[in-house]
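This report concerns only the one structure given below.
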Amino acid sequence: MTMQPASTEIASRTAAIVQELKDLEGPLLPILHGIQEEFGHVPHDALPVIADGLNLSRAEVHGVVTFYHDFRAKPAGRHVLKLCQAEACQSMGSDAVAAKIKQLLGIGFHETTRDGSVTLEPVYCLGLCACSPSAMLDGEVIGRLDDEKIEEIVAEVRS
């Protein structure tokens with residue numbers, strides 16, 4: 001019984017976003033961004049509403065959602081920490097940085113801490129190759145990660 005009202009609310013809020021943005025050229029990505037902004041993720045129950053509103057198959061919508069790594073199937077933590085795993089960062093020690101952060105937070109990539117404080121994600125190039133290894137915390141880039149910066153980041157997301 002409790003699932004139906006939630007699904008109905010998701011459907012109605014999704015339909016409003018689709019209605020608002022469907023006349024844009026190439027509306028699917030702006031709609032998905034709007035839905036993720038509204039809910040903190042792209043709920044599974046939103047996909048058929050989007051498909052119907054844009055005259056697409058559910059598979060087409062699902063394919064786009066799963067292709068782009070920034071779309072989430074479930075809400076992220078209060079903070080999102082993205083660690084660069086591209087070649088330049090790897091050559092400068094990003095694997096060790098990732099291992100240390102995973103150990104300190106007690107989570108792996110694509111996971112959120114139990115207290116919901118942080119979600120850890122890999123990213124494949126932040127454009128800071130000259131300042132590698134690098135990360136992005138809540139949209140702010142951080143270069144030249146070392147043990148001190150790692151400790152600062154973990155303290156910030158835990159507070």
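Labels used: A, B, ... for chains in the order of the structure tokens, numbers from 1 for residues in each chain, and numbers from 1 for ligands as shown.
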
Can you list, as number ranges by chain, every protein, DNA or RNA residue that comes within 10 Å of Asp45 of chain A when you count only C-alpha atoms, leaving out same-chain residues fewer than 5 positions away? A: 6-11, 14, 50

So which residues touch Glu20 of chain A within 12 Å, counting only C-alpha atoms, skipping near sequence neighbours fewer than 5 positions away, as JSON, numbers by chain? {"A": [13, 14, 15, 27, 28, 30, 31, 34, 35, 50, 53, 54]}

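Atom CA of Pro75 of chain A lies 16.2 Å from atom CA of Val157 of chain A.
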
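Atom pair atom CA of Val61 of chain A / atom CA of His110 of chain A has a distance of 21.3 Å (rounded to one decimal).
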
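Using only C-alpha atoms, the nearest neighbour of Pro133 of chain A within the list A:His62, A:His69, A:Arg158, A:Lys149 is A:Lys149.
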
Quote the spacing between atom CA of Glu151 of chain A and atom CA of Lys82 of chain A in Å to one decimal place. 15.3 Å

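Among the candidate residues A:Pro122, A:Pro48, A:Gly127, A:Gly143, the one lying nearest to Ala99 of chain A is A:Pro122, with distances computed using only C-alpha atoms.
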
Which of segment 3-151 of chain A end up as helix (DSSP H, G or I) when DSSP is run on this backbone - answer as JSON, numbers by chain? {"A": [3, 4, 5, 6, 7, 8, 9, 10, 11, 12, 13, 14, 15, 16, 17, 18, 19, 20, 21, 28, 29, 30, 31, 32, 33, 34, 35, 36, 37, 38, 39, 44, 45, 46, 47, 48, 49, 50, 51, 52, 53, 54, 58, 59, 60, 61, 62, 63, 64, 65, 66, 67, 87, 88, 89, 90, 91, 94, 95, 96, 97, 98, 99, 100, 101, 102, 103, 104, 105, 129, 130, 131, 147, 148, 149, 150, 151]}

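Using only C-alpha atoms, the residues found no farther than 9 Å from Arg72 of chain A, other than those of its own chain fewer than 4 positions away, are Gln36, Gly40, His41, Val42, Pro43, Val65, Thr66 and Ala76 of chain A.
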
Generate a file of the selected residues that holds all heavy atoms, formatted as a PDB file, in the first residue's frame.
ATOM      1  N   GLN A  36      16.660  14.201 -11.894  1.00  0.00           N
ATOM      2  CA  GLN A  36      17.682  13.927 -10.882  1.00  0.00           C
ATOM      3  C   GLN A  36      17.794  15.093  -9.902  1.00  0.00           C
ATOM      4  O   GLN A  36      17.987  14.887  -8.710  1.00  0.00           O
ATOM      5  CB  GLN A  36      19.036  13.636 -11.531  1.00  0.00           C
ATOM      6  CG  GLN A  36      20.090  13.285 -10.494  1.00  0.00           C
ATOM      7  CD  GLN A  36      21.187  12.432 -11.043  1.00  0.00           C
ATOM      8  OE1 GLN A  36      20.960  11.282 -11.383  1.00  0.00           O
ATOM      9  NE2 GLN A  36      22.365  12.989 -11.142  1.00  0.00           N
ATOM     10  N   GLY A  40      17.040  13.696  -6.551  1.00  0.00           N
ATOM     11  CA  GLY A  40      18.369  13.301  -6.103  1.00  0.00           C
ATOM     12  C   GLY A  40      18.877  12.059  -6.826  1.00  0.00           C
ATOM     13  O   GLY A  40      19.986  11.607  -6.592  1.00  0.00           O
ATOM     14  N   HIS A  41      18.045  11.525  -7.692  1.00  0.00           N
ATOM     15  CA  HIS A  41      18.377  10.369  -8.522  1.00  0.00           C
ATOM     16  C   HIS A  41      17.296  10.249  -9.589  1.00  0.00           C
ATOM     17  O   HIS A  41      16.347  11.042  -9.596  1.00  0.00           O
ATOM     18  CB  HIS A  41      18.477   9.090  -7.681  1.00  0.00           C
ATOM     19  CG  HIS A  41      17.183   8.643  -7.068  1.00  0.00           C
ATOM     20  ND1 HIS A  41      16.521   9.360  -6.100  1.00  0.00           N
ATOM     21  CD2 HIS A  41      16.427   7.547  -7.292  1.00  0.00           C
ATOM     22  CE1 HIS A  41      15.411   8.720  -5.750  1.00  0.00           C
ATOM     23  NE2 HIS A  41      15.337   7.620  -6.463  1.00  0.00           N
ATOM     24  N   VAL A  42      17.439   9.285 -10.490  1.00  0.00           N
ATOM     25  CA  VAL A  42      16.409   9.035 -11.490  1.00  0.00           C
ATOM     26  C   VAL A  42      15.681   7.764 -11.069  1.00  0.00           C
ATOM     27  O   VAL A  42      16.172   6.654 -11.293  1.00  0.00           O
ATOM     28  CB  VAL A  42      17.004   8.882 -12.913  1.00  0.00           C
ATOM     29  CG1 VAL A  42      15.905   8.598 -13.929  1.00  0.00           C
ATOM     30  CG2 VAL A  42      17.787  10.135 -13.303  1.00  0.00           C
ATOM     31  N   PRO A  43      14.516   7.918 -10.430  1.00  0.00           N
ATOM     32  CA  PRO A  43      13.784   6.735  -9.948  1.00  0.00           C
ATOM     33  C   PRO A  43      13.341   5.832 -11.100  1.00  0.00           C
ATOM     34  O   PRO A  43      12.972   6.318 -12.180  1.00  0.00           O
ATOM     35  CB  PRO A  43      12.556   7.326  -9.247  1.00  0.00           C
ATOM     36  CG  PRO A  43      12.840   8.768  -9.058  1.00  0.00           C
ATOM     37  CD  PRO A  43      13.824   9.156 -10.113  1.00  0.00           C
ATOM     38  N   VAL A  65      19.967   6.470 -19.446  1.00  0.00           N
ATOM     39  CA  VAL A  65      20.222   6.619 -18.010  1.00  0.00           C
ATOM     40  C   VAL A  65      21.438   5.803 -17.585  1.00  0.00           C
ATOM     41  O   VAL A  65      22.267   6.277 -16.809  1.00  0.00           O
ATOM     42  CB  VAL A  65      18.982   6.208 -17.185  1.00  0.00           C
ATOM     43  CG1 VAL A  65      19.305   6.130 -15.703  1.00  0.00           C
ATOM     44  CG2 VAL A  65      17.835   7.181 -17.425  1.00  0.00           C
ATOM     45  N   THR A  66      21.559   4.606 -18.098  1.00  0.00           N
ATOM     46  CA  THR A  66      22.667   3.746 -17.682  1.00  0.00           C
ATOM     47  C   THR A  66      23.963   4.052 -18.421  1.00  0.00           C
ATOM     48  O   THR A  66      25.037   3.710 -17.935  1.00  0.00           O
ATOM     49  CB  THR A  66      22.311   2.256 -17.842  1.00  0.00           C
ATOM     50  OG1 THR A  66      21.931   2.007 -19.205  1.00  0.00           O
ATOM     51  CG2 THR A  66      21.174   1.872 -16.902  1.00  0.00           C
ATOM     52  N   ALA A  76      22.365   9.903  -3.788  1.00  0.00           N
ATOM     53  CA  ALA A  76      23.762   9.960  -3.338  1.00  0.00           C
ATOM     54  C   ALA A  76      23.803  10.438  -1.891  1.00  0.00           C
ATOM     55  O   ALA A  76      22.793  10.884  -1.335  1.00  0.00           O
ATOM     56  CB  ALA A  76      24.547  10.930  -4.216  1.00  0.00           C
TER      57      ALA A  76
END

Using only C-alpha atoms, which protein or nucleic acid residues come within 10 Å of Lys100 of chain A? Drop anything in the same chain fewer than 5 positions from it, and give the result as a PyMOL selection string. chain A and resi 94-95+105-106+147+150-151

With distances taken over only C-alpha atoms, the candidate from A:Ala135, A:Leu21, A:Leu120, A:Leu29 nearest Phe71 of chain A is A:Leu29
